[in-house]
>>> print(open('upload-v2.tsv').read())   # TSV, C-alpha atoms
chain	number	residue	atom	x	y	z
A	1	MET	CA	43.59	-11.59	9.92
A	2	THR	CA	41.53	-9.77	7.32
A	3	LEU	CA	39.01	-7.10	8.02
A	4	HIS	CA	36.28	-9.41	6.78
A	5	THR	CA	37.24	-11.97	9.39
A	6	ARG	CA	37.38	-9.37	12.12
A	7	LEU	CA	34.01	-8.01	11.15
A	8	ASP	CA	32.59	-11.50	11.08
A	9	GLU	CA	33.86	-12.08	14.60
A	10	LEU	CA	32.44	-8.80	15.74
A	11	ALA	CA	29.08	-9.58	14.16
A	12	ALA	CA	28.88	-12.66	16.33
A	13	GLY	CA	28.03	-10.28	19.14
A	14	ALA	CA	24.77	-9.38	17.46
A	15	PRO	CA	21.60	-10.20	19.34
A	16	ASP	CA	19.95	-13.54	18.79
A	17	ALA	CA	17.15	-13.75	16.25
A	18	ALA	CA	14.75	-14.01	19.18
A	19	ALA	CA	15.34	-10.31	19.68
A	20	LEU	CA	12.97	-9.77	16.79
A	21	ASP	CA	9.49	-9.72	18.23
A	22	VAL	CA	7.78	-10.99	15.11
A	23	ASP	CA	4.36	-11.34	16.72
A	24	ALA	CA	4.31	-7.72	17.84
A	25	LEU	CA	5.73	-6.66	14.53
A	26	ARG	CA	2.99	-8.50	12.66
A	27	GLY	CA	0.35	-6.43	14.44
A	28	ARG	CA	2.13	-3.16	13.75
A	29	ILE	CA	2.52	-4.07	10.10
A	30	ALA	CA	-1.15	-4.98	9.77
A	31	ARG	CA	-2.15	-1.63	11.25
A	32	ARG	CA	0.19	0.24	8.98
A	33	ARG	CA	-1.13	-1.57	5.93
A	34	ARG	CA	-4.68	-0.69	6.88
A	35	THR	CA	-3.71	2.93	7.41
A	36	ARG	CA	-2.04	3.09	4.04
A	37	ARG	CA	-5.06	1.61	2.35
A	38	ALA	CA	-7.27	4.20	3.97
A	39	ALA	CA	-4.90	6.92	2.86
A	40	ALA	CA	-4.93	5.54	-0.66
A	41	GLY	CA	-8.69	5.70	-0.62
A	42	GLY	CA	-8.64	9.32	0.42
A	43	ALA	CA	-6.22	10.15	-2.34
A	44	MET	CA	-8.46	8.48	-4.83
A	45	VAL	CA	-11.29	10.86	-4.06
A	46	LEU	CA	-9.17	13.69	-5.32
A	47	THR	CA	-8.08	11.69	-8.31
A	48	VAL	CA	-11.61	10.88	-9.30
A	49	ALA	CA	-12.65	14.51	-9.04
A	50	ALA	CA	-9.71	15.66	-11.11
A	51	ALA	CA	-10.27	13.08	-13.75
A	52	GLY	CA	-13.91	13.91	-14.23
A	53	THR	CA	-13.43	15.65	-17.53
A	54	ALA	CA	-10.21	14.13	-18.66
A	55	ALA	CA	-10.33	10.44	-18.32
A	56	ALA	CA	-13.03	8.06	-18.07
A	57	VAL	CA	-15.70	6.87	-20.18
A	58	LEU	CA	-18.90	8.47	-20.99
A	59	LEU	CA	-22.35	7.36	-20.27
A	60	PRO	CA	-24.16	7.12	-23.57
A	61	ARG	CA	-27.42	8.97	-23.69
A	62	THR	CA	-28.46	7.99	-27.09
A	63	ASP	CA	-31.79	6.59	-27.98
A	64	PRO	CA	-32.50	3.77	-27.41
A	65	PRO	CA	-31.03	3.70	-23.93
A	66	ALA	CA	-27.70	2.03	-23.96
A	67	GLN	CA	-25.81	0.10	-21.37
A	68	PRO	CA	-23.49	2.33	-19.38
A	69	ALA	CA	-20.06	2.11	-20.86
A	70	ILE	CA	-17.27	1.11	-18.56
A	71	ALA	CA	-13.62	1.63	-19.08
A	72	SER	CA	-10.54	2.21	-17.09
A	73	PRO	CA	-7.41	4.15	-17.89
A	74	SER	CA	-5.39	1.19	-16.71
A	75	PRO	CA	-6.08	-2.49	-17.08
A	76	VAL	CA	-8.11	-2.89	-13.95
A	77	PRO	CA	-11.40	-4.59	-14.64
A	78	PRO	CA	-13.03	-4.30	-11.24
A	79	LEU	CA	-16.58	-4.68	-12.38
A	80	GLU	CA	-16.41	-7.56	-14.76
A	81	ALA	CA	-19.33	-9.90	-14.47
A	82	TYR	CA	-21.23	-7.23	-12.63
A	83	PRO	CA	-24.83	-7.16	-13.75
A	84	PHE	CA	-24.99	-3.95	-15.74
A	85	PRO	CA	-28.54	-3.62	-16.82
A	86	ASP	CA	-29.34	-1.31	-19.68
A	87	CYS	CA	-30.61	2.14	-18.95
A	88	GLY	CA	-34.37	2.10	-18.79
A	89	THR	CA	-34.70	-1.59	-18.22
A	90	PRO	CA	-36.70	-2.86	-15.27
A	91	PHE	CA	-34.53	-3.82	-12.36
A	92	THR	CA	-35.48	-5.31	-9.06
A	93	PHE	CA	-33.33	-7.37	-6.82
A	94	ASP	CA	-34.90	-8.55	-3.64
A	95	ALA	CA	-32.37	-10.94	-2.14
A	96	PRO	CA	-28.88	-9.76	-1.24
A	97	VAL	CA	-25.94	-11.74	-2.53
A	98	THR	CA	-23.95	-12.90	0.47
A	99	ASP	CA	-20.82	-14.86	1.18
A	100	PRO	CA	-19.89	-17.01	4.17
A	101	ARG	CA	-16.57	-15.22	4.60
A	102	LEU	CA	-17.49	-11.56	4.30
A	103	THR	CA	-20.47	-9.41	5.15
A	104	MET	CA	-21.32	-6.03	3.70
A	105	ASP	CA	-22.99	-3.26	5.65
A	106	VAL	CA	-24.12	-0.21	3.71
A	107	ASP	CA	-24.36	3.05	5.59
A	108	PHE	CA	-25.54	5.70	3.14
A	109	ALA	CA	-26.88	9.08	4.06
A	110	SER	CA	-30.15	10.45	2.75
A	111	PRO	CA	-30.69	13.13	1.70
A	112	ALA	CA	-27.40	13.45	-0.12
A	113	ALA	CA	-25.85	15.98	-2.42
A	114	ASN	CA	-25.05	13.34	-4.98
A	115	LEU	CA	-24.50	9.64	-5.47
A	116	ASP	CA	-20.79	9.74	-4.94
A	117	ASP	CA	-18.16	9.22	-2.30
A	118	GLN	CA	-20.02	11.54	0.07
A	119	LEU	CA	-22.84	9.04	0.32
A	120	GLY	CA	-21.28	7.14	3.16
A	121	GLU	CA	-19.42	3.94	3.66
A	122	VAL	CA	-19.66	0.32	2.73
A	123	THR	CA	-18.14	-1.78	5.49
A	124	ILE	CA	-16.81	-5.22	4.80
A	125	THR	CA	-16.29	-7.55	7.74
A	126	ASN	CA	-14.46	-10.83	7.82
A	127	VAL	CA	-16.81	-13.21	9.60
A	128	SER	CA	-14.76	-16.30	8.83
A	129	ASP	CA	-12.08	-17.83	11.00
A	130	ALA	CA	-9.35	-17.25	8.41
A	131	ARG	CA	-7.66	-14.19	7.01
A	132	VAL	CA	-9.17	-12.84	3.80
A	133	GLU	CA	-6.91	-10.95	1.44
A	134	GLY	CA	-7.17	-9.79	-2.11
A	135	ASP	CA	-7.93	-7.05	-4.58
A	136	VAL	CA	-11.18	-5.15	-4.57
A	137	GLY	CA	-10.76	-3.00	-7.65
A	138	ALA	CA	-12.06	0.52	-7.17
A	139	GLY	CA	-14.46	-0.58	-4.46
A	140	PRO	CA	-18.24	-0.48	-4.34
A	141	SER	CA	-20.32	0.41	-7.37
A	142	LEU	CA	-23.97	1.24	-7.75
A	143	ILE	CA	-26.95	0.47	-9.92
A	144	VAL	CA	-29.27	3.43	-9.72
A	145	THR	CA	-32.98	2.99	-10.29
A	146	GLN	CA	-36.15	5.05	-10.15
A	147	ASP	CA	-39.58	3.51	-10.22
A	148	GLY	CA	-38.04	0.11	-10.79
A	149	ARG	CA	-36.07	1.08	-13.88
A	150	VAL	CA	-32.37	1.69	-14.29
A	151	VAL	CA	-31.54	5.36	-14.56
A	152	GLY	CA	-27.83	5.36	-13.79
A	153	GLY	CA	-24.71	3.36	-13.21
A	154	PRO	CA	-20.95	3.46	-13.31
A	155	VAL	CA	-19.53	5.77	-15.91
A	156	PHE	CA	-15.88	5.69	-15.12
A	157	ILE	CA	-13.52	3.74	-12.98
A	158	GLN	CA	-10.14	4.94	-11.96
A	159	GLY	CA	-7.24	2.65	-12.60
A	160	ILE	CA	-6.79	2.07	-8.92
A	161	ASN	CA	-6.83	-1.30	-7.37
A	162	LEU	CA	-7.56	-1.26	-3.68
A	163	SER	CA	-6.62	-4.21	-1.58
A	164	LEU	CA	-8.20	-5.93	1.34
A	165	ASP	CA	-6.44	-7.74	4.14
A	166	LEU	CA	-8.69	-8.67	7.01
A	167	ALA	CA	-7.96	-10.92	9.94
A	168	PRO	CA	-10.94	-12.77	11.39
A	169	GLY	CA	-13.34	-10.26	12.88
A	170	GLU	CA	-11.72	-7.25	11.25
A	171	SER	CA	-13.57	-4.74	9.09
A	172	ALA	CA	-12.65	-2.29	6.37
A	173	ALA	CA	-14.72	0.62	5.13
A	174	PHE	CA	-14.93	1.76	1.53
A	175	ARG	CA	-16.43	4.81	-0.07
A	176	VAL	CA	-18.01	4.95	-3.49
A	177	PHE	CA	-15.04	5.99	-5.57
A	178	VAL	CA	-16.40	4.64	-8.81
A	179	GLY	CA	-17.91	7.50	-10.77
A	180	HIS	CA	-21.62	7.14	-11.49
A	181	GLY	CA	-23.80	9.05	-13.88
A	182	HIS	CA	-27.44	9.44	-14.80
A	183	CYS	CA	-28.51	7.89	-18.06
A	184	ASP	CA	-29.95	11.19	-19.25
A	185	ARG	CA	-26.90	13.26	-18.52
A	186	GLY	CA	-23.42	13.47	-19.87
A	187	SER	CA	-22.24	13.53	-23.42
A	188	VAL	CA	-19.60	11.98	-25.57
A	189	THR	CA	-17.18	14.78	-24.75
A	190	GLU	CA	-17.56	15.20	-21.04
A	191	ILE	CA	-18.77	13.39	-17.99
A	192	ASP	CA	-21.49	14.57	-15.73
A	193	THR	CA	-21.64	12.65	-12.51
A	194	GLN	CA	-24.17	14.90	-10.82
A	195	PHE	CA	-27.54	13.22	-10.45
A	196	PRO	CA	-30.60	15.42	-10.79
A	197	PRO	CA	-32.53	16.03	-7.59
A	198	GLY	CA	-34.92	13.21	-6.86
A	199	THR	CA	-35.38	9.98	-5.01
A	200	TYR	CA	-33.39	7.01	-6.17
A	201	ASP	CA	-33.16	3.39	-5.20
A	202	VAL	CA	-29.55	2.27	-5.36
A	203	TYR	CA	-28.08	-1.20	-5.29
A	204	VAL	CA	-24.54	-1.75	-4.07
A	205	SER	CA	-22.12	-4.23	-5.54
A	206	TRP	CA	-18.73	-5.10	-4.12
A	207	TYR	CA	-16.30	-7.80	-5.15
A	208	LEU	CA	-13.06	-9.33	-3.98
A	209	GLU	CA	-10.54	-11.24	-6.00
A	210	PRO	CA	-8.64	-13.31	-3.43
A	211	GLY	CA	-4.93	-12.92	-3.67
A	212	ILE	CA	-3.32	-15.25	-1.20
A	213	PRO	CA	-0.44	-16.94	-3.02
A	214	GLY	CA	-0.76	-20.67	-3.35
A	215	ARG	CA	-4.39	-20.69	-2.40
A	216	SER	CA	-7.10	-20.96	-5.00
A	217	GLU	CA	-10.30	-19.35	-3.86
A	218	PRO	CA	-13.36	-18.17	-5.71
A	219	ASN	CA	-14.07	-14.49	-6.01
A	220	VAL	CA	-16.35	-12.97	-3.44
A	221	ARG	CA	-19.30	-10.98	-4.74
A	222	LEU	CA	-21.63	-9.10	-2.48
A	223	PHE	CA	-24.75	-7.32	-3.60
A	224	ASP	CA	-27.39	-5.54	-1.60
A	225	GLY	CA	-30.21	-3.06	-2.00
A	226	PRO	CA	-32.26	-1.16	-2.66
A	227	PHE	CA	-31.25	1.79	-0.51
A	228	THR	CA	-33.45	4.79	-1.00
A	229	ILE	CA	-31.48	8.00	-1.39
A	230	GLU	CA	-32.88	11.44	-1.91
A	231	VAL	CA	-30.58	13.63	-3.93
A	232	ARG	CA	-31.13	17.34	-3.32
B	1	MET	CA	-2.07	-16.41	7.40
B	2	ALA	CA	-1.73	-13.74	4.73
B	3	GLY	CA	0.97	-13.93	2.09
B	4	TRP	CA	3.03	-11.16	3.57
B	5	GLU	CA	2.85	-12.78	6.99
B	6	ARG	CA	4.30	-15.99	5.64
B	7	VAL	CA	7.15	-14.14	3.98
B	8	LEU	CA	7.74	-12.16	7.17
B	9	ALA	CA	7.83	-15.31	9.27
B	10	ASP	CA	10.16	-17.06	6.83
B	11	LEU	CA	12.42	-14.04	6.62
B	12	ALA	CA	12.64	-13.65	10.36
B	13	GLU	CA	13.32	-17.33	10.84
B	14	THR	CA	15.83	-17.93	8.08
B	15	ARG	CA	17.48	-14.52	7.65
B	16	GLY	CA	16.75	-12.77	10.89
B	17	GLN	CA	20.14	-13.50	12.36
B	18	ALA	CA	21.96	-12.32	9.24
B	19	LEU	CA	19.96	-9.11	9.24
B	20	LEU	CA	20.74	-8.53	12.89
B	21	ARG	CA	24.44	-9.09	12.30
B	22	TYR	CA	24.35	-6.65	9.42
B	23	ALA	CA	22.56	-4.06	11.52
B	24	TYR	CA	24.82	-4.72	14.47
B	25	LEU	CA	27.93	-3.97	12.44
B	26	LEU	CA	26.33	-0.74	11.28
B	27	THR	CA	25.19	0.40	14.69
B	28	GLY	CA	27.58	-1.29	17.10
B	29	ASP	CA	24.79	-1.78	19.58
B	30	GLY	CA	22.65	-4.87	20.00
B	31	ALA	CA	19.43	-3.20	21.07
B	32	GLU	CA	19.77	-0.55	18.43
B	33	ALA	CA	20.41	-3.22	15.82
B	34	ALA	CA	17.24	-5.05	16.81
B	35	ASP	CA	15.27	-1.80	16.65
B	36	LEU	CA	16.76	-1.03	13.28
B	37	VAL	CA	15.84	-4.42	11.81
B	38	GLN	CA	12.34	-4.25	13.20
B	39	GLU	CA	11.81	-0.76	11.82
B	40	ALA	CA	13.11	-1.90	8.45
B	41	LEU	CA	10.75	-4.88	8.50
B	42	LEU	CA	7.88	-2.57	9.39
B	43	ARG	CA	8.69	-0.27	6.51
B	44	THR	CA	9.06	-3.11	4.05
B	45	PHE	CA	5.99	-5.11	4.95
B	46	GLY	CA	3.89	-2.11	5.94
B	47	ARG	CA	3.54	-1.21	2.32
B	48	THR	CA	0.58	-2.63	0.48
B	49	THR	CA	2.81	-3.84	-2.30
B	50	ARG	CA	1.99	-7.37	-3.18
B	51	GLY	CA	4.15	-10.18	-4.44
B	52	LEU	CA	6.99	-9.97	-1.95
B	53	THR	CA	9.23	-13.00	-2.05
B	54	LEU	CA	11.74	-14.01	0.54
B	55	GLU	CA	14.57	-12.76	-1.65
B	56	SER	CA	13.02	-9.46	-2.62
B	57	ALA	CA	11.87	-8.84	0.94
B	58	GLU	CA	15.38	-9.33	2.27
B	59	ALA	CA	16.74	-6.93	-0.32
B	60	TYR	CA	14.14	-4.33	0.67
B	61	VAL	CA	14.86	-4.82	4.36
B	62	ARG	CA	18.60	-4.50	3.88
B	63	ARG	CA	18.15	-1.30	1.96
B	64	ALA	CA	15.78	0.01	4.61
B	65	ILE	CA	18.30	-0.84	7.32
B	66	LEU	CA	20.95	1.09	5.49
B	67	THR	CA	18.67	4.02	4.79
B	68	LEU	CA	17.66	4.23	8.41
B	69	HIS	CA	21.27	4.01	9.48
B	70	ILE	CA	22.43	6.70	7.11
B	71	ASP	CA	19.48	8.93	7.80
B	72	GLY	CA	21.12	11.94	9.31
B	73	ARG	CA	18.02	13.16	11.07
B	74	ARG	CA	17.80	9.96	12.99
B	75	ARG	CA	21.38	9.40	13.83
B	76	SER	CA	24.05	11.88	12.90
B	77	GLY	CA	23.35	14.31	15.68
B	78	ARG	CA	23.55	11.64	18.28
B	79	TRP	CA	26.64	10.16	16.73
B	80	ALA	CA	28.38	13.50	16.73
B	81	ARG	CA	27.60	13.97	20.39
B	82	VAL	CA	28.97	10.61	21.49
B	83	ARG	CA	31.81	10.16	19.06
B	84	HIS	CA	34.42	11.50	21.43
B	85	LEU	CA	33.31	8.98	24.03
B	86	VAL	CA	33.98	5.93	21.92
B	87	ALA	CA	37.02	6.89	19.89
B	88	THR	CA	40.52	7.62	21.04
B	89	ARG	CA	43.21	9.49	19.23
B	90	ASP	CA	46.94	9.51	19.67
B	91	VAL	CA	47.74	13.16	19.50
B	92	SER	CA	51.39	12.42	18.81
B	93	ASP	CA	50.42	10.99	15.42
B	94	GLY	CA	48.57	14.07	14.38
B	95	PRO	CA	44.93	14.65	13.65
B	96	GLU	CA	44.80	12.68	10.42
B	97	ARG	CA	45.60	9.34	11.93
B	98	ALA	CA	43.45	7.65	14.45
B	99	VAL	CA	45.25	5.32	16.73
B	100	VAL	CA	43.08	2.52	17.90
B	101	ASP	CA	43.45	-0.15	20.38
B	102	GLY	CA	44.50	-3.24	18.47
B	103	ALA	CA	41.82	-5.27	20.16
B	104	ASP	CA	38.98	-2.82	19.90
B	105	LEU	CA	37.49	-2.93	16.45
B	106	ARG	CA	34.21	-1.90	17.90
B	107	SER	CA	35.59	1.41	19.09
B	108	ALA	CA	37.34	1.95	15.82
B	109	LEU	CA	34.13	1.44	13.90
B	110	ALA	CA	32.31	3.74	16.25
B	111	ALA	CA	34.79	6.46	15.40
B	112	LEU	CA	33.78	6.30	11.75
B	113	SER	CA	30.99	8.39	10.34
B	114	PRO	CA	27.80	6.49	9.55
B	115	ARG	CA	28.55	6.62	5.85
B	116	GLN	CA	32.15	5.48	6.31
B	117	ARG	CA	30.97	2.66	8.47
B	118	ALA	CA	28.36	1.66	5.92
B	119	CYS	CA	31.04	1.53	3.25
B	120	VAL	CA	33.20	-0.70	5.43
B	121	VAL	CA	30.36	-3.09	6.24
B	122	LEU	CA	29.11	-3.29	2.68
B	123	HIS	CA	32.54	-3.66	1.14
B	124	TYR	CA	34.43	-5.78	3.63
B	125	TYR	CA	31.62	-7.71	5.29
B	126	GLU	CA	28.95	-7.99	2.60
B	127	ASP	CA	31.65	-8.30	-0.08
B	128	LEU	CA	30.13	-5.72	-2.40
B	129	SER	CA	32.41	-4.08	-4.93
B	130	VAL	CA	33.08	-0.36	-4.79
B	131	ALA	CA	30.67	0.14	-7.68
B	132	GLN	CA	27.99	-1.86	-5.91
B	133	VAL	CA	28.48	0.05	-2.68
B	134	ALA	CA	28.21	3.30	-4.62
B	135	ASP	CA	25.00	2.07	-6.17
B	136	VAL	CA	23.53	1.08	-2.82
B	137	LEU	CA	24.48	4.35	-1.18
B	138	GLY	CA	23.55	6.44	-4.16
B	139	CYS	CA	26.91	8.13	-4.46
B	140	ALA	CA	29.87	8.14	-6.81
B	141	PRO	CA	32.42	5.32	-6.68
B	142	GLY	CA	35.05	7.94	-5.96
B	143	ALA	CA	33.22	8.91	-2.80
B	144	VAL	CA	33.11	5.29	-1.71
B	145	LYS	CA	36.84	4.94	-2.31
B	146	ARG	CA	37.45	8.03	-0.25
B	147	HIS	CA	35.30	6.74	2.58
B	148	LEU	CA	37.05	3.38	2.48
B	149	SER	CA	40.45	5.01	2.42
B	150	ASP	CA	39.64	7.15	5.42
B	151	ALA	CA	38.17	4.18	7.23
B	152	ARG	CA	41.14	1.97	6.48
B	153	ALA	CA	43.45	4.58	7.91
B	154	ARG	CA	41.69	4.11	11.21
B	155	LEU	CA	41.21	0.38	11.05
B	156	GLU	CA	44.50	-0.85	9.63
B	157	PRO	CA	46.33	-0.86	12.92
B	158	LEU	CA	43.89	-3.49	14.07
B	159	LEU	CA	44.69	-5.85	11.28
B	160	ASP	CA	47.47	-8.34	10.88
B	161	ASP	CA	47.05	-8.12	7.14
B	162	SER	CA	46.72	-4.47	6.23
B	163	ARG	CA	47.17	-5.06	2.53
B	164	GLU	CA	43.51	-5.74	2.01
B	165	GLY	CA	42.50	-3.31	-0.66
B	166	SER	CA	39.44	-2.11	-2.45
B	167	ARG	CA	37.97	-4.05	-5.30
>>> encode(input="upload-v2.tsv", output="structure tokens")
Amino acid sequence: MTLHTRLDELAAGAPDAAALDVDALRGRIARRRRTRRAAAGGAMVLTVAAAGTAAAVLLPRTDPPAQPAIASPSPVPPLEAYPFPDCGTPFTFDAPVTDPRLTMDVDFASPAANLDDQLGEVTITNVSDARVEGDVGAGPSLIVTQDGRVVGGPVFIQGINLSLDLAPGESAAFRVFVGHGHCDRGSVTEIDTQFPPGTYDVYVSWYLEPGIPGRSEPNVRLFDGPFTIEVR
Amino acid sequence: MAGWERVLADLAETRGQALLRYAYLLTGDGAEAADLVQEALLRTFGRTTRGLTLESAEAYVRRAILTLHIDGRRRSGRWARVRHLVATRDVSDGPERAVVDGADLRSALAALSPRQRACVVLHYYEDLSVAQVADVLGCAPGAVKRHLSDARARLEPLLDDSREGSR
């Protein structure tokens, strides 16, 4: 009798597959995945700060006002189809863009030191009766206005693709990791993401590209604002 | 149901028993094997990596099972403490040769070090070549051959056909 045969006989004493508590395991896995996503978000804050002068794309401040330039160091186009109005152009948006599956709650602090990740959180909640999963790019982005005109927007986006995986009723919070800049600041050689002191009306955009294999679903786009923020 | 949940369910249903058998041979204990498989599943699916297939997930889980088993912090201390309880030696044959009860393969395996045992399971049960075992364990083929040789010295008395060699 070979060792393989003996081992095979011995392996027959292994517990039955029912010993695997898949239901309990599913819950533990979901929690771990959420924790890891949160940790990834925290790490991105540091990455964004470090990349401020090295990567990214600069906000043109030429005359006439130009549309904020967007680029990413990796092929992650999280803001495609986002309405990027030109600097200086009038912008008002009265009705939020909603979706039957997800809701967006914006909890921004005012006054704030800057329009960045310290602003607060954007919470996405699955209000449907099915799981929602997919990629959310770098998370929420802003259109910044003053007196009804665009004065700032995204200036760089890290090549980080956050994911979302929400069971019915679950929520996930995101910070503003996309770098934003004022139209009148910055240069072609460096990025300045500090907004001058003042009162701004910001609009928040968030999108999801569903990623459940075998299921074709339209992207989710949420848009809300204005939220008045005083930058000191 | 999310993509990863479907793969998890499929894996548990279709390959769960095979994974448990694999873990059972490594650990020698049913409850520990179940814990090991569940921890490996948690590690594999707890990552946010997307695109797991049934095949790739099983490969990840098997590697995680092995890593957990080999992990000295988790296991070696305990193994060292209980080794004398599960293995017997015939002192008349000297310290280099373990004499095992011909019917007790379980005890003989328990007398092996975790890495020796992993080599035996991977080579003789999973049918991996020495080179493949070395790759999985991240060591040199020579080390695998040494582990297998040492293990065979303990296990051969249990076997009717002791000519089974390394490939």
>>> closest_residue(input="upload-v2.tsv", among="B:Pro114, B:Gly3, B:Gly28, B:Gly138", to="A:Leu7", atoms="all atoms listed in the file")
B:Gly28
>>> residues_around(input="upload-v2.tsv", residues="B:Arg115", least_positions_apart="6", cutoff="9 Å", atoms="only C-alpha atoms", output="ChimeraX atom specification")
/B:69-70,137,144,147
>>> write_last_selection(input="upload-v2.tsv", atoms="C-alpha atoms", output="PDB file, in the frame of the given file")
ATOM      1  CA  HIS B  69      21.270   4.010   9.480  1.00  0.00           C
ATOM      2  CA  ILE B  70      22.430   6.700   7.110  1.00  0.00           C
ATOM      3  CA  LEU B 137      24.480   4.350  -1.180  1.00  0.00           C
ATOM      4  CA  VAL B 144      33.110   5.290  -1.710  1.00  0.00           C
ATOM      5  CA  HIS B 147      35.300   6.740   2.580  1.00  0.00           C
TER       6      HIS B 147
END
>>> interface_residues(input="upload-v2.tsv", of="chain A", to="chain B", cutoff="6 Å", atoms="all atoms listed in the file", output="list of chain:residue names")
A:Met1, A:Thr2, A:His4, A:Ala11, A:Ala14, A:Pro15, A:Ala17, A:Ile29, A:Arg32, A:Arg33, A:Ile212
>>> atom_distance(input="upload-v2.tsv", atom1="atom CA of A:Ala112", atom2="atom CA of A:Arg149")
20.4 Å
>>> closest_residue(input="upload-v2.tsv", among="B:Ala131, B:Ala143, B:Leu148, B:Leu11", to="B:Ser56", atoms="all atoms listed in the file")
B:Leu11
>>> atom_distance(input="upload-v2.tsv", atom1="atom CA of A:Phe195", atom2="atom CA of A:Pro226")
17.0 Å
>>> atom_distance(input="upload-v2.tsv", atom1="atom CA of A:Leu222", atom2="atom CA of A:Leu102")
8.3 Å
